[in-house]
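Everything below concerns the one structure shown next.
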Amino acid sequence: MSKLNSLAISDNGFIFKPSTGESFTTNELGLFIIQFLKENKSGEEIINAIMQDFDVDNVTAGRDMYEFLDFLKKENMID
Amino acid sequence: MSKKIYERPILRKVVEGIPNKFGSLKRLRPVETIDNVAINDIIDEYGSPVFIISEKTIRETYKTAYCAFSTRYPKVQFAWSYKTNYLDAVCRIFHQEGSWAEVVSGFEYEKALDNNVSGSKIIFNGPDKSDADLTRAINNKSLIHIDHFDELYTIIEILPKLKERPQVAIRVNMDTGIIPQWDRFGFNYENGEAWNAINRILTDGGIDLIGLHIHIGTYITMSKAYSIAIEKLAALANKTFDRFQKSISYIDVGGGFASQNTLQGAYMPATDTTPSFDDYAHAITTAMTSVNFPNNETPTLILETGRALIDEAGWLAGSVLANKRLADGRRAMVIDSGINLLFTAFWYDYEIFPVQETSFQSEPTTIYGPLCMNIDVVRNNIDFPLLNKGDRFVIKRVGAYTMTQWMQFITYRPNVVLIDLNGKVHVIRKEENKEVFRIQELVPKHLQNK
Ligand SMILES: Cc1ncc(COP(=O)(O)O)c(C=O)c1O
């Protein structure tokens with residue numbers, strides 16, 4: 001996950017991408033997922049972690065997380 | 001340990017230099033209650049979606065409007081425009097406040113009678129009055145606002161059979177600077193048709209011409225248009241007096257005041273641009289007092305205000321059915337209330353709020369209704385917080401023309417509830433079910449086999 005490590009990410013969800021100079025915002029869960037991605041956790045592990053901390057079911061958590069991964073891919077933040 | 005409220009993860013690009021068209025990230029505050037009653041409780045009890053009407057707001061709005069006019073002009077009478085919202089409970093609130101009834105069909109006329117409005121306090125407008133409608137209304141001493149010559153000749157024809165002298169006004173259309181000019185109703189001023197109609201009425205001898213009526217359009221934000229109209233009606237009144245020595249006892253300026261809903265494509269929100277009742281009242285009463293009516297008389301000023309008196313009092317609460325991404329990546333939210341209930345969403349950008357606390361994150365969103373039709377769009381593009389399936393929303397200012405123009409299409413129409421002045425909730429129109437429709441339908445015998 002070297003690509004993610006090259007981003008400057010603040011605690012309030014502000015993301016700066018030095019390679020392009022672009023900025024992004026994310027929310028609490030976005031930050032949560034990015035943290036786990038940095039730790040090289042699997043999709044399954046992240047979903048379980050989400051369910052432990054947030055009031056959400058398995059299906060919703062999975063669907064939204066994979067959608068979020070798509071966004072990250074589109075912005076070339078992960079492979 | 002209680003878990004945190006779930007909200008989908010989002011990623012949003014910050015486009016520098018180009019300010020977000022919605023301004024800075026501002027948090028959309030939820031609307032949790034109406035008149036101190038929790039919207040969630042109402043949905044739990046009466047289903048989703050549900051229309052909610054505030055009796056308090058109706059009465060307060062009416063009083064504000066009435067005061068704006070009555071403090072500036074001695075003789076003011078409102079007539080509640082039934083088509084705007086003819087739920088009996090709503091009409092009766094207006095009647096309790098002192099409003100007469102303004103109706104445009106036999107159906108609305110019957111509703112007004114059932115709401116105990118006396119015949120002489122019903123104004124009968126519109127192009128659609130059957131012979132039977134006219135006979136009943138004239139015999140009840142209602143005010144007949146004649147729309148076209150065929151109607152006038154019908155009245156002349158049925159005169160011998162009537163028990164009362166018809167009390168009539170004519171509807172006049174004219175150029176007031178408002179586009180489009182509503183010239184399909186009434187008699188035109190500029191081309192002399194209105195004057196011809198007056199001549200025809202007064203040479204007959206059996207009909208009393210007691211008023212002049214206009215309704216120059218709806219959502220009129222230029223109060224000057226009313227002044228122009230009043231000057232022209234005064235000219236007609238004077239001409240009538242000079243020729244027939246008959247004076248007009250009222251001027252009815254119709255409806256048309258804008259509500260605080262923003263029209264699609266408007267640059268500024270209507271809450272910043274809509275004239276207040278005081279603005280309209282100033283323009284109208286200044287015109288009424290500065291023109292000279294015959295004999296120095298002061299005709300009664302009648303107002304048929306619809307939209308501006310009821311929009312604010314109505315809310316539509318419902319639930320999110322689904323979230324999706326459109327092909328271009330835009331976010332779409334499907335809710336359980338569409339244009340079947342909000343016909344008016346075609347021209348308004350309704351304000352919509354979450355019912356519960358959300359984070360400050362929001363995303364440009366298209367809000368769709370539940371119908372299987374492409375045109376079922378409630379908001380084309382609104383910066384909206386991330387609600388989940390089952391979360392609830394409430395749409396503001398939906399009191400006018402919704403509960404009359406709604407369609408029974410694909411699904412049933414929902415409960416309408418009224419919150420009274422004590423915060424008690426009453427169903428004032430029951431949700432429909434299959435029986436409602438079964439009763440109306442007949443199956444021919446040859447199709448009845450099981
Ligand atoms: C004759 C007449 N009066 C009053 C009204 C109410 O108008 P508004 O809701 O614009 O005040 C209408 C609406 O079309 C109307 O046709």
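Starting from 1 in every chain, residues are counted up; chains themselves are A, B, ... following the order of the structure tokens, and ligands are numbered from 1 as listed.
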
May I ask you to extract the residues of chain A within 8 Å of chain B, using only C-alpha atoms, and to give them as a PDB file with N, CA and C atoms, in the first residue's frame?
```pdb
ATOM      1  N   GLU A  22      -3.741  17.442  -5.925  1.00  0.00           N
ATOM      2  CA  GLU A  22      -5.193  17.461  -5.675  1.00  0.00           C
ATOM      3  C   GLU A  22      -5.509  17.263  -4.189  1.00  0.00           C
ATOM      4  N   SER A  23      -6.672  17.824  -3.804  1.00  0.00           N
ATOM      5  CA  SER A  23      -7.141  17.611  -2.430  1.00  0.00           C
ATOM      6  C   SER A  23      -8.483  16.903  -2.455  1.00  0.00           C
ATOM      7  N   PHE A  24      -8.729  16.156  -1.381  1.00  0.00           N
ATOM      8  CA  PHE A  24      -9.994  15.424  -1.258  1.00  0.00           C
ATOM      9  C   PHE A  24     -10.475  15.545   0.175  1.00  0.00           C
ATOM     10  N   THR A  25     -11.776  15.299   0.357  1.00  0.00           N
ATOM     11  CA  THR A  25     -12.249  15.143   1.731  1.00  0.00           C
ATOM     12  C   THR A  25     -12.893  13.780   1.848  1.00  0.00           C
ATOM     13  N   THR A  26     -12.814  13.228   3.023  1.00  0.00           N
ATOM     14  CA  THR A  26     -13.502  11.975   3.285  1.00  0.00           C
ATOM     15  C   THR A  26     -14.172  12.107   4.645  1.00  0.00           C
ATOM     16  N   ASN A  27     -14.904  11.097   5.043  1.00  0.00           N
ATOM     17  CA  ASN A  27     -15.576  11.168   6.345  1.00  0.00           C
ATOM     18  C   ASN A  27     -14.960  10.159   7.315  1.00  0.00           C
ATOM     19  N   GLU A  28     -15.579  10.015   8.441  1.00  0.00           N
ATOM     20  CA  GLU A  28     -15.019   9.184   9.512  1.00  0.00           C
ATOM     21  C   GLU A  28     -14.766   7.753   9.038  1.00  0.00           C
ATOM     22  N   LEU A  29     -15.750   7.188   8.347  1.00  0.00           N
ATOM     23  CA  LEU A  29     -15.596   5.799   7.921  1.00  0.00           C
ATOM     24  C   LEU A  29     -14.560   5.676   6.819  1.00  0.00           C
ATOM     25  N   GLY A  30     -14.480   6.706   5.958  1.00  0.00           N
ATOM     26  CA  GLY A  30     -13.452   6.716   4.926  1.00  0.00           C
ATOM     27  C   GLY A  30     -12.066   6.642   5.565  1.00  0.00           C
ATOM     28  N   GLN A  52     -17.900  -4.033  13.972  1.00  0.00           N
ATOM     29  CA  GLN A  52     -17.669  -3.992  15.412  1.00  0.00           C
ATOM     30  C   GLN A  52     -17.866  -2.586  15.971  1.00  0.00           C
ATOM     31  N   ASP A  53     -17.470  -1.585  15.176  1.00  0.00           N
ATOM     32  CA  ASP A  53     -17.522  -0.209  15.677  1.00  0.00           C
ATOM     33  C   ASP A  53     -18.790   0.541  15.319  1.00  0.00           C
ATOM     34  N   PHE A  54     -19.402   0.140  14.196  1.00  0.00           N
ATOM     35  CA  PHE A  54     -20.556   0.912  13.715  1.00  0.00           C
ATOM     36  C   PHE A  54     -21.817   0.055  13.706  1.00  0.00           C
ATOM     37  N   ASP A  55     -22.910   0.731  13.797  1.00  0.00           N
ATOM     38  CA  ASP A  55     -24.204   0.069  13.809  1.00  0.00           C
ATOM     39  C   ASP A  55     -24.623  -0.202  12.356  1.00  0.00           C
ATOM     40  N   VAL A  56     -24.180  -1.328  11.815  1.00  0.00           N
ATOM     41  CA  VAL A  56     -24.437  -1.619  10.407  1.00  0.00           C
ATOM     42  C   VAL A  56     -24.391  -3.124  10.176  1.00  0.00           C
ATOM     43  N   ALA A  61     -22.278  -2.859   4.917  1.00  0.00           N
ATOM     44  CA  ALA A  61     -20.890  -2.479   5.158  1.00  0.00           C
ATOM     45  C   ALA A  61     -20.020  -2.910   3.977  1.00  0.00           C
ATOM     46  N   ASP A  64     -20.805  -0.825   0.669  1.00  0.00           N
ATOM     47  CA  ASP A  64     -20.289   0.541   0.714  1.00  0.00           C
ATOM     48  C   ASP A  64     -18.764   0.563   0.705  1.00  0.00           C
ATOM     49  N   MET A  65     -18.156  -0.443   1.362  1.00  0.00           N
ATOM     50  CA  MET A  65     -16.701  -0.434   1.405  1.00  0.00           C
ATOM     51  C   MET A  65     -16.125  -0.678   0.015  1.00  0.00           C
ATOM     52  N   PHE A  68     -16.316   2.311  -2.016  1.00  0.00           N
ATOM     53  CA  PHE A  68     -15.282   3.266  -1.601  1.00  0.00           C
ATOM     54  C   PHE A  68     -13.921   2.875  -2.207  1.00  0.00           C
ATOM     55  N   PHE A  71     -13.693   4.134  -5.624  1.00  0.00           N
ATOM     56  CA  PHE A  71     -13.347   5.559  -5.692  1.00  0.00           C
ATOM     57  C   PHE A  71     -11.842   5.748  -5.551  1.00  0.00           C
ATOM     58  N   LEU A  72     -11.281   5.043  -4.579  1.00  0.00           N
ATOM     59  CA  LEU A  72      -9.836   5.194  -4.340  1.00  0.00           C
ATOM     60  C   LEU A  72      -9.053   4.772  -5.582  1.00  0.00           C
TER      61      LEU A  72
END
```

Surrounding residues as a short mmCIF file (atom, residue, chain, number, x, y, z; two decimals) with all heavy atoms, in the first residue's frame, ligand 1, max 10 Å, only C-alpha atoms and all ligand atoms:
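Contents of result_0.cif, freshly written:
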```cif
data_model
loop_
_atom_site.label_atom_id
_atom_site.label_comp_id
_atom_site.auth_asym_id
_atom_site.auth_seq_id
_atom_site.Cartn_x
_atom_site.Cartn_y
_atom_site.Cartn_z
N ALA B 79 -61.37 34.85 0.40
CA ALA B 79 -62.19 33.70 0.01
C ALA B 79 -61.22 32.55 -0.27
O ALA B 79 -60.36 32.67 -1.14
CB ALA B 79 -63.02 34.02 -1.22
N TRP B 80 -61.37 31.47 0.49
CA TRP B 80 -60.39 30.39 0.39
C TRP B 80 -60.51 29.68 -0.96
O TRP B 80 -61.59 29.19 -1.34
CB TRP B 80 -60.56 29.38 1.54
CG TRP B 80 -59.64 28.20 1.36
CD1 TRP B 80 -60.01 26.89 1.27
CD2 TRP B 80 -58.22 28.24 1.22
NE1 TRP B 80 -58.89 26.11 1.07
CE2 TRP B 80 -57.78 26.92 1.04
CE3 TRP B 80 -57.28 29.27 1.21
CZ2 TRP B 80 -56.44 26.60 0.84
CZ3 TRP B 80 -55.94 28.96 1.02
CH2 TRP B 80 -55.54 27.63 0.84
N SER B 81 -59.40 29.62 -1.68
CA SER B 81 -59.33 29.01 -3.00
C SER B 81 -59.30 27.49 -2.84
O SER B 81 -58.28 26.90 -2.51
CB SER B 81 -58.05 29.53 -3.68
OG SER B 81 -57.63 28.65 -4.69
N TYR B 82 -60.47 26.87 -3.05
CA TYR B 82 -60.59 25.44 -2.74
C TYR B 82 -59.59 24.57 -3.49
O TYR B 82 -59.05 23.63 -2.96
CB TYR B 82 -62.03 24.97 -3.01
CG TYR B 82 -62.89 24.96 -1.76
CD1 TYR B 82 -62.89 26.06 -0.90
CD2 TYR B 82 -63.69 23.87 -1.41
CE1 TYR B 82 -63.66 26.06 0.25
CE2 TYR B 82 -64.46 23.86 -0.26
CZ TYR B 82 -64.44 24.95 0.57
OH TYR B 82 -65.19 24.95 1.72
N LYS B 83 -59.35 24.89 -4.75
CA LYS B 83 -58.49 24.01 -5.55
C LYS B 83 -57.08 23.91 -4.97
O LYS B 83 -56.36 22.97 -5.23
CB LYS B 83 -58.43 24.48 -7.00
CG LYS B 83 -57.62 25.77 -7.20
CD LYS B 83 -57.53 26.16 -8.65
CE LYS B 83 -58.59 27.12 -9.09
NZ LYS B 83 -58.80 28.32 -8.25
N THR B 84 -56.69 24.90 -4.19
CA THR B 84 -55.33 24.90 -3.65
C THR B 84 -55.17 23.79 -2.61
O THR B 84 -54.12 23.14 -2.53
CB THR B 84 -55.02 26.27 -3.02
OG1 THR B 84 -55.37 27.29 -3.94
CG2 THR B 84 -53.56 26.39 -2.68
N ASN B 85 -56.20 23.60 -1.82
CA ASN B 85 -56.23 22.48 -0.87
C ASN B 85 -57.66 22.36 -0.36
O ASN B 85 -58.10 23.20 0.42
CB ASN B 85 -55.26 22.71 0.29
CG ASN B 85 -55.14 21.47 1.18
OD1 ASN B 85 -56.14 20.79 1.47
ND2 ASN B 85 -53.94 21.16 1.62
N GLU B 102 -63.96 30.06 -2.36
CA GLU B 102 -63.83 30.35 -3.79
C GLU B 102 -63.74 29.01 -4.49
O GLU B 102 -62.82 28.23 -4.24
CB GLU B 102 -62.58 31.20 -4.05
CG GLU B 102 -62.41 31.64 -5.50
CD GLU B 102 -61.59 30.69 -6.37
OE1 GLU B 102 -60.68 30.02 -5.84
OE2 GLU B 102 -61.88 30.60 -7.57
N VAL B 103 -64.72 28.69 -5.34
CA VAL B 103 -64.77 27.36 -5.96
C VAL B 103 -64.83 27.48 -7.48
O VAL B 103 -65.22 28.52 -8.01
CB VAL B 103 -65.98 26.56 -5.44
CG1 VAL B 103 -65.96 26.46 -3.92
CG2 VAL B 103 -67.31 27.16 -5.92
N VAL B 104 -64.44 26.42 -8.16
CA VAL B 104 -64.41 26.46 -9.64
C VAL B 104 -65.08 25.25 -10.29
O VAL B 104 -64.86 24.98 -11.46
CB VAL B 104 -62.96 26.57 -10.17
CG1 VAL B 104 -62.37 27.93 -9.84
CG2 VAL B 104 -62.09 25.47 -9.62
N ILE B 123 -67.97 32.13 -3.75
CA ILE B 123 -67.69 32.72 -5.05
C ILE B 123 -67.50 31.58 -6.04
O ILE B 123 -66.70 30.67 -5.80
CB ILE B 123 -66.40 33.57 -4.98
CG1 ILE B 123 -66.62 34.77 -4.07
CG2 ILE B 123 -65.97 33.99 -6.38
CD1 ILE B 123 -65.34 35.56 -3.80
N PHE B 124 -68.26 31.63 -7.12
CA PHE B 124 -68.21 30.53 -8.09
C PHE B 124 -67.48 31.03 -9.34
O PHE B 124 -68.02 31.82 -10.11
CB PHE B 124 -69.64 30.08 -8.41
CG PHE B 124 -69.74 28.71 -9.02
CD1 PHE B 124 -70.98 28.07 -9.12
CD2 PHE B 124 -68.61 28.02 -9.49
CE1 PHE B 124 -71.10 26.79 -9.66
CE2 PHE B 124 -68.72 26.75 -10.03
CZ PHE B 124 -69.97 26.13 -10.12
N ASN B 125 -66.24 30.59 -9.51
CA ASN B 125 -65.39 31.02 -10.61
C ASN B 125 -65.28 29.94 -11.67
O ASN B 125 -65.73 28.81 -11.49
CB ASN B 125 -63.96 31.27 -10.08
CG ASN B 125 -63.79 32.67 -9.52
OD1 ASN B 125 -64.37 33.63 -10.04
ND2 ASN B 125 -62.99 32.79 -8.48
N GLY B 126 -64.56 30.25 -12.72
CA GLY B 126 -64.13 29.24 -13.67
C GLY B 126 -65.04 29.07 -14.86
O GLY B 126 -66.19 29.51 -14.87
N PRO B 127 -64.52 28.38 -15.89
CA PRO B 127 -65.27 28.21 -17.13
C PRO B 127 -66.26 27.05 -17.09
O PRO B 127 -67.06 26.88 -18.00
CB PRO B 127 -64.17 27.93 -18.16
CG PRO B 127 -63.05 27.32 -17.37
CD PRO B 127 -63.14 27.89 -15.98
N HIS B 145 -69.09 34.45 -10.88
CA HIS B 145 -68.11 35.21 -11.67
C HIS B 145 -68.10 34.67 -13.09
O HIS B 145 -67.58 33.58 -13.34
CB HIS B 145 -66.72 35.13 -11.02
CG HIS B 145 -66.62 35.94 -9.76
ND1 HIS B 145 -65.45 36.14 -9.09
CD2 HIS B 145 -67.57 36.62 -9.07
CE1 HIS B 145 -65.68 36.91 -8.04
NE2 HIS B 145 -66.96 37.21 -8.00
N ASP B 147 -67.36 33.80 -16.79
CA ASP B 147 -66.08 33.62 -17.47
C ASP B 147 -66.16 33.91 -18.97
O ASP B 147 -65.19 34.34 -19.58
CB ASP B 147 -65.60 32.19 -17.25
CG ASP B 147 -64.22 31.96 -17.83
OD1 ASP B 147 -63.25 32.43 -17.21
OD2 ASP B 147 -64.10 31.34 -18.91
N ARG B 171 -65.27 38.16 -14.83
CA ARG B 171 -63.82 38.03 -14.75
C ARG B 171 -63.23 38.78 -15.94
O ARG B 171 -63.67 38.60 -17.07
CB ARG B 171 -63.41 36.57 -14.80
CG ARG B 171 -61.91 36.39 -14.98
CD ARG B 171 -61.36 35.34 -14.10
NE ARG B 171 -59.95 35.09 -14.39
CZ ARG B 171 -59.37 33.94 -14.10
NH1 ARG B 171 -60.06 32.96 -13.57
NH2 ARG B 171 -58.08 33.79 -14.34
N TRP B 182 -52.77 35.73 -18.83
CA TRP B 182 -53.81 34.69 -18.76
C TRP B 182 -55.07 35.19 -19.46
O TRP B 182 -56.02 35.58 -18.82
CB TRP B 182 -54.13 34.35 -17.30
CG TRP B 182 -53.12 33.47 -16.65
CD1 TRP B 182 -51.82 33.33 -16.97
CD2 TRP B 182 -53.35 32.58 -15.55
NE1 TRP B 182 -51.21 32.42 -16.13
CE2 TRP B 182 -52.13 31.94 -15.25
CE3 TRP B 182 -54.47 32.25 -14.77
CZ2 TRP B 182 -51.98 31.02 -14.23
CZ3 TRP B 182 -54.34 31.35 -13.74
CH2 TRP B 182 -53.10 30.72 -13.49
N PHE B 185 -59.12 33.19 -19.67
CA PHE B 185 -60.21 33.27 -18.71
C PHE B 185 -60.81 34.66 -18.70
O PHE B 185 -60.08 35.65 -18.68
CB PHE B 185 -59.72 32.94 -17.30
CG PHE B 185 -59.13 31.56 -17.18
CD1 PHE B 185 -57.76 31.39 -17.09
CD2 PHE B 185 -59.94 30.43 -17.19
CE1 PHE B 185 -57.21 30.13 -16.99
CE2 PHE B 185 -59.39 29.16 -17.10
CZ PHE B 185 -58.02 29.02 -17.00
N GLY B 186 -62.12 34.72 -18.73
CA GLY B 186 -62.79 36.01 -18.60
C GLY B 186 -62.81 36.80 -19.90
O GLY B 186 -62.52 36.29 -20.98
N HIS B 213 -63.81 41.09 -11.28
CA HIS B 213 -62.85 40.07 -10.82
C HIS B 213 -61.69 39.95 -11.79
O HIS B 213 -61.87 39.99 -13.00
CB HIS B 213 -63.59 38.72 -10.73
CG HIS B 213 -62.73 37.54 -10.43
ND1 HIS B 213 -62.83 36.35 -11.09
CD2 HIS B 213 -61.73 37.37 -9.52
CE1 HIS B 213 -61.95 35.48 -10.59
NE2 HIS B 213 -61.27 36.08 -9.65
N ILE B 214 -60.50 39.78 -11.21
CA ILE B 214 -59.33 39.41 -12.00
C ILE B 214 -58.59 38.31 -11.27
O ILE B 214 -58.73 38.13 -10.05
CB ILE B 214 -58.32 40.58 -12.18
CG1 ILE B 214 -58.10 41.27 -10.83
CG2 ILE B 214 -58.73 41.54 -13.27
CD1 ILE B 214 -56.82 42.04 -10.74
N HIS B 215 -57.84 37.54 -12.02
CA HIS B 215 -56.83 36.65 -11.42
C HIS B 215 -55.73 36.65 -12.46
O HIS B 215 -55.85 36.03 -13.50
CB HIS B 215 -57.42 35.26 -11.18
CG HIS B 215 -56.38 34.25 -10.75
ND1 HIS B 215 -55.84 34.26 -9.49
CD2 HIS B 215 -55.77 33.24 -11.40
CE1 HIS B 215 -54.94 33.29 -9.39
NE2 HIS B 215 -54.88 32.66 -10.54
N ILE B 216 -54.67 37.42 -12.18
CA ILE B 216 -53.72 37.72 -13.26
C ILE B 216 -52.67 36.65 -13.47
O ILE B 216 -51.88 36.72 -14.41
CB ILE B 216 -53.05 39.10 -13.05
CG1 ILE B 216 -52.38 39.18 -11.67
CG2 ILE B 216 -54.06 40.22 -13.22
CD1 ILE B 216 -51.71 40.52 -11.41
N GLY B 217 -52.68 35.64 -12.63
CA GLY B 217 -51.70 34.57 -12.79
C GLY B 217 -51.33 34.05 -11.43
O GLY B 217 -51.91 34.46 -10.42
N THR B 218 -50.37 33.14 -11.39
CA THR B 218 -49.98 32.60 -10.10
C THR B 218 -48.49 32.83 -9.91
O THR B 218 -47.75 33.03 -10.88
CB THR B 218 -50.37 31.11 -9.99
OG1 THR B 218 -50.26 30.71 -8.62
CG2 THR B 218 -49.51 30.23 -10.88
N TYR B 219 -48.05 32.86 -8.68
CA TYR B 219 -46.66 33.11 -8.35
C TYR B 219 -46.19 34.45 -8.96
O TYR B 219 -45.18 34.54 -9.65
CB TYR B 219 -45.75 31.97 -8.82
CG TYR B 219 -44.51 31.81 -7.95
CD1 TYR B 219 -44.50 30.95 -6.87
CD2 TYR B 219 -43.37 32.56 -8.20
CE1 TYR B 219 -43.39 30.84 -6.06
CE2 TYR B 219 -42.25 32.45 -7.40
CZ TYR B 219 -42.26 31.59 -6.34
OH TYR B 219 -41.16 31.48 -5.55
N ILE B 220 -47.00 35.48 -8.72
CA ILE B 220 -46.70 36.82 -9.22
C ILE B 220 -45.75 37.49 -8.23
O ILE B 220 -46.12 37.74 -7.08
CB ILE B 220 -47.99 37.68 -9.29
CG1 ILE B 220 -49.08 36.98 -10.10
CG2 ILE B 220 -47.69 39.08 -9.82
CD1 ILE B 220 -48.85 36.92 -11.55
N ASP B 252 -62.50 42.04 -6.82
CA ASP B 252 -61.86 40.78 -6.40
C ASP B 252 -60.55 40.65 -7.19
O ASP B 252 -60.58 40.53 -8.42
CB ASP B 252 -62.82 39.62 -6.71
CG ASP B 252 -62.23 38.26 -6.36
OD1 ASP B 252 -61.00 38.15 -6.18
OD2 ASP B 252 -63.02 37.28 -6.30
N VAL B 253 -59.43 40.72 -6.48
CA VAL B 253 -58.14 40.70 -7.19
C VAL B 253 -57.58 39.28 -7.35
O VAL B 253 -56.43 39.11 -7.77
CB VAL B 253 -57.09 41.61 -6.52
CG1 VAL B 253 -57.52 43.06 -6.58
CG2 VAL B 253 -56.79 41.18 -5.09
N GLY B 254 -58.37 38.27 -7.01
CA GLY B 254 -57.95 36.89 -7.26
C GLY B 254 -56.83 36.45 -6.33
O GLY B 254 -56.66 36.99 -5.23
N GLY B 255 -56.06 35.48 -6.81
CA GLY B 255 -54.93 34.97 -6.01
C GLY B 255 -53.63 35.41 -6.66
O GLY B 255 -53.56 36.48 -7.26
N GLY B 256 -52.63 34.55 -6.53
CA GLY B 256 -51.40 34.80 -7.26
C GLY B 256 -50.18 35.18 -6.45
O GLY B 256 -49.09 35.28 -7.00
N PHE B 257 -50.33 35.39 -5.14
CA PHE B 257 -49.15 35.75 -4.37
C PHE B 257 -48.18 34.56 -4.34
O PHE B 257 -48.60 33.42 -4.18
CB PHE B 257 -49.50 36.13 -2.92
CG PHE B 257 -50.45 37.28 -2.80
CD1 PHE B 257 -51.13 37.51 -1.61
CD2 PHE B 257 -50.66 38.15 -3.88
CE1 PHE B 257 -52.02 38.58 -1.50
CE2 PHE B 257 -51.55 39.22 -3.77
CZ PHE B 257 -52.24 39.42 -2.58
N ALA B 258 -46.90 34.86 -4.46
CA ALA B 258 -45.90 33.79 -4.45
C ALA B 258 -45.74 33.25 -3.03
O ALA B 258 -45.94 33.97 -2.05
CB ALA B 258 -44.58 34.33 -4.96
N SER B 259 -45.37 31.97 -2.94
CA SER B 259 -45.02 31.43 -1.63
C SER B 259 -43.51 31.47 -1.52
O SER B 259 -42.82 31.98 -2.39
CB SER B 259 -45.54 30.00 -1.48
OG SER B 259 -44.74 29.12 -2.24
N LEU B 303 -59.93 38.91 -1.77
CA LEU B 303 -58.70 38.22 -2.15
C LEU B 303 -58.94 36.72 -2.16
O LEU B 303 -59.58 36.18 -1.25
CB LEU B 303 -57.59 38.54 -1.15
CG LEU B 303 -57.20 40.02 -1.12
CD1 LEU B 303 -57.31 40.56 0.27
CD2 LEU B 303 -55.82 40.22 -1.69
N GLU B 304 -58.45 36.08 -3.21
CA GLU B 304 -58.61 34.62 -3.33
C GLU B 304 -57.26 33.93 -3.18
O GLU B 304 -56.97 32.95 -3.87
CB GLU B 304 -59.20 34.27 -4.69
CG GLU B 304 -60.54 34.92 -4.97
CD GLU B 304 -60.99 34.74 -6.42
OE1 GLU B 304 -60.19 34.26 -7.26
OE2 GLU B 304 -62.14 35.08 -6.71
N THR B 305 -56.46 34.44 -2.29
CA THR B 305 -55.10 33.92 -2.11
C THR B 305 -55.12 32.43 -1.80
O THR B 305 -55.86 31.99 -0.92
CB THR B 305 -54.43 34.68 -0.95
OG1 THR B 305 -54.65 36.06 -1.14
CG2 THR B 305 -52.96 34.35 -0.86
N GLY B 306 -54.33 31.66 -2.54
CA GLY B 306 -54.27 30.21 -2.30
C GLY B 306 -52.90 29.81 -1.76
O GLY B 306 -52.66 29.73 -0.56
N ARG B 307 -52.01 29.59 -2.71
CA ARG B 307 -50.65 29.13 -2.45
C ARG B 307 -49.98 29.78 -1.22
O ARG B 307 -49.46 29.09 -0.35
CB ARG B 307 -49.84 29.47 -3.70
CG ARG B 307 -48.47 28.98 -3.79
CD ARG B 307 -47.79 29.65 -5.01
NE ARG B 307 -48.41 29.37 -6.30
CZ ARG B 307 -48.36 28.21 -6.94
NH1 ARG B 307 -47.72 27.21 -6.42
NH2 ARG B 307 -48.95 28.05 -8.10
N ALA B 308 -50.00 31.10 -1.18
CA ALA B 308 -49.24 31.81 -0.15
C ALA B 308 -49.82 31.58 1.24
O ALA B 308 -49.15 31.81 2.24
CB ALA B 308 -49.19 33.30 -0.47
N LEU B 309 -51.09 31.13 1.32
CA LEU B 309 -51.69 30.91 2.63
C LEU B 309 -51.49 29.49 3.15
O LEU B 309 -51.66 29.26 4.34
CB LEU B 309 -53.19 31.21 2.58
CG LEU B 309 -53.60 32.68 2.54
CD1 LEU B 309 -55.12 32.79 2.44
CD2 LEU B 309 -53.10 33.43 3.78
N ILE B 310 -51.16 28.55 2.30
CA ILE B 310 -51.15 27.16 2.75
C ILE B 310 -49.84 26.42 2.50
O ILE B 310 -49.54 25.43 3.16
CB ILE B 310 -52.34 26.39 2.11
CG1 ILE B 310 -52.51 24.96 2.70
CG2 ILE B 310 -52.18 26.26 0.62
CD1 ILE B 310 -52.99 24.90 4.10
N ASP B 311 -49.02 26.91 1.58
CA ASP B 311 -47.80 26.16 1.25
C ASP B 311 -46.99 25.85 2.50
O ASP B 311 -46.60 24.71 2.76
CB ASP B 311 -46.94 26.96 0.26
CG ASP B 311 -46.61 26.13 -0.99
OD1 ASP B 311 -47.07 24.97 -1.06
OD2 ASP B 311 -45.92 26.64 -1.88
N ALA B 400 -49.68 23.54 -0.84
CA ALA B 400 -50.51 24.06 -1.93
C ALA B 400 -50.47 23.14 -3.15
O ALA B 400 -49.39 22.74 -3.58
CB ALA B 400 -50.04 25.46 -2.33
N TYR B 401 -51.62 22.85 -3.68
CA TYR B 401 -51.77 22.12 -4.96
C TYR B 401 -51.19 20.70 -4.95
O TYR B 401 -51.10 20.08 -5.99
CB TYR B 401 -51.14 22.92 -6.12
CG TYR B 401 -51.81 24.26 -6.31
CD1 TYR B 401 -51.18 25.43 -5.93
CD2 TYR B 401 -53.10 24.34 -6.83
CE1 TYR B 401 -51.81 26.67 -6.07
CE2 TYR B 401 -53.73 25.56 -6.97
CZ TYR B 401 -53.09 26.72 -6.60
OH TYR B 401 -53.72 27.92 -6.73
#
```

Using DSSP assignments from the backbone, pull out every residue in chain A that falls under strand (DSSP E) and give it to me as a list in words.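 Strand (DSSP E) members of chain A, listed: Ala8, Ile9, Phe14, Ile15, Phe16, Lys17, Glu22, Ser23, Phe24, Thr25, Thr26, Phe54 and Asp55 of chain A.
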
Applying 12 Å and only C-alpha atoms, which residues near Phe343 (chain B) remain after dropping the ones on its own chain fewer than 4 positions away? List them as a ChimeraX atom specification. /B:337-339,347-350,369,375-378,398-409

Quote the spacing between CA of Thr240 (chain B) and CA of Tyr280 (chain B) in Å to one decimal place.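 Distance reported for this atom pair: 27.3 Å.
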
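Of note, CA of Arg63 (chain A) and CA of Pro364 (chain B) are spaced 20.1 Å apart.
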
If you run DSSP over the backbone, which residues in chain A end up alpha helix (DSSP H)? Put them as a ChimeraX atom specification. /A:2-5,28-38,43-53,58-74
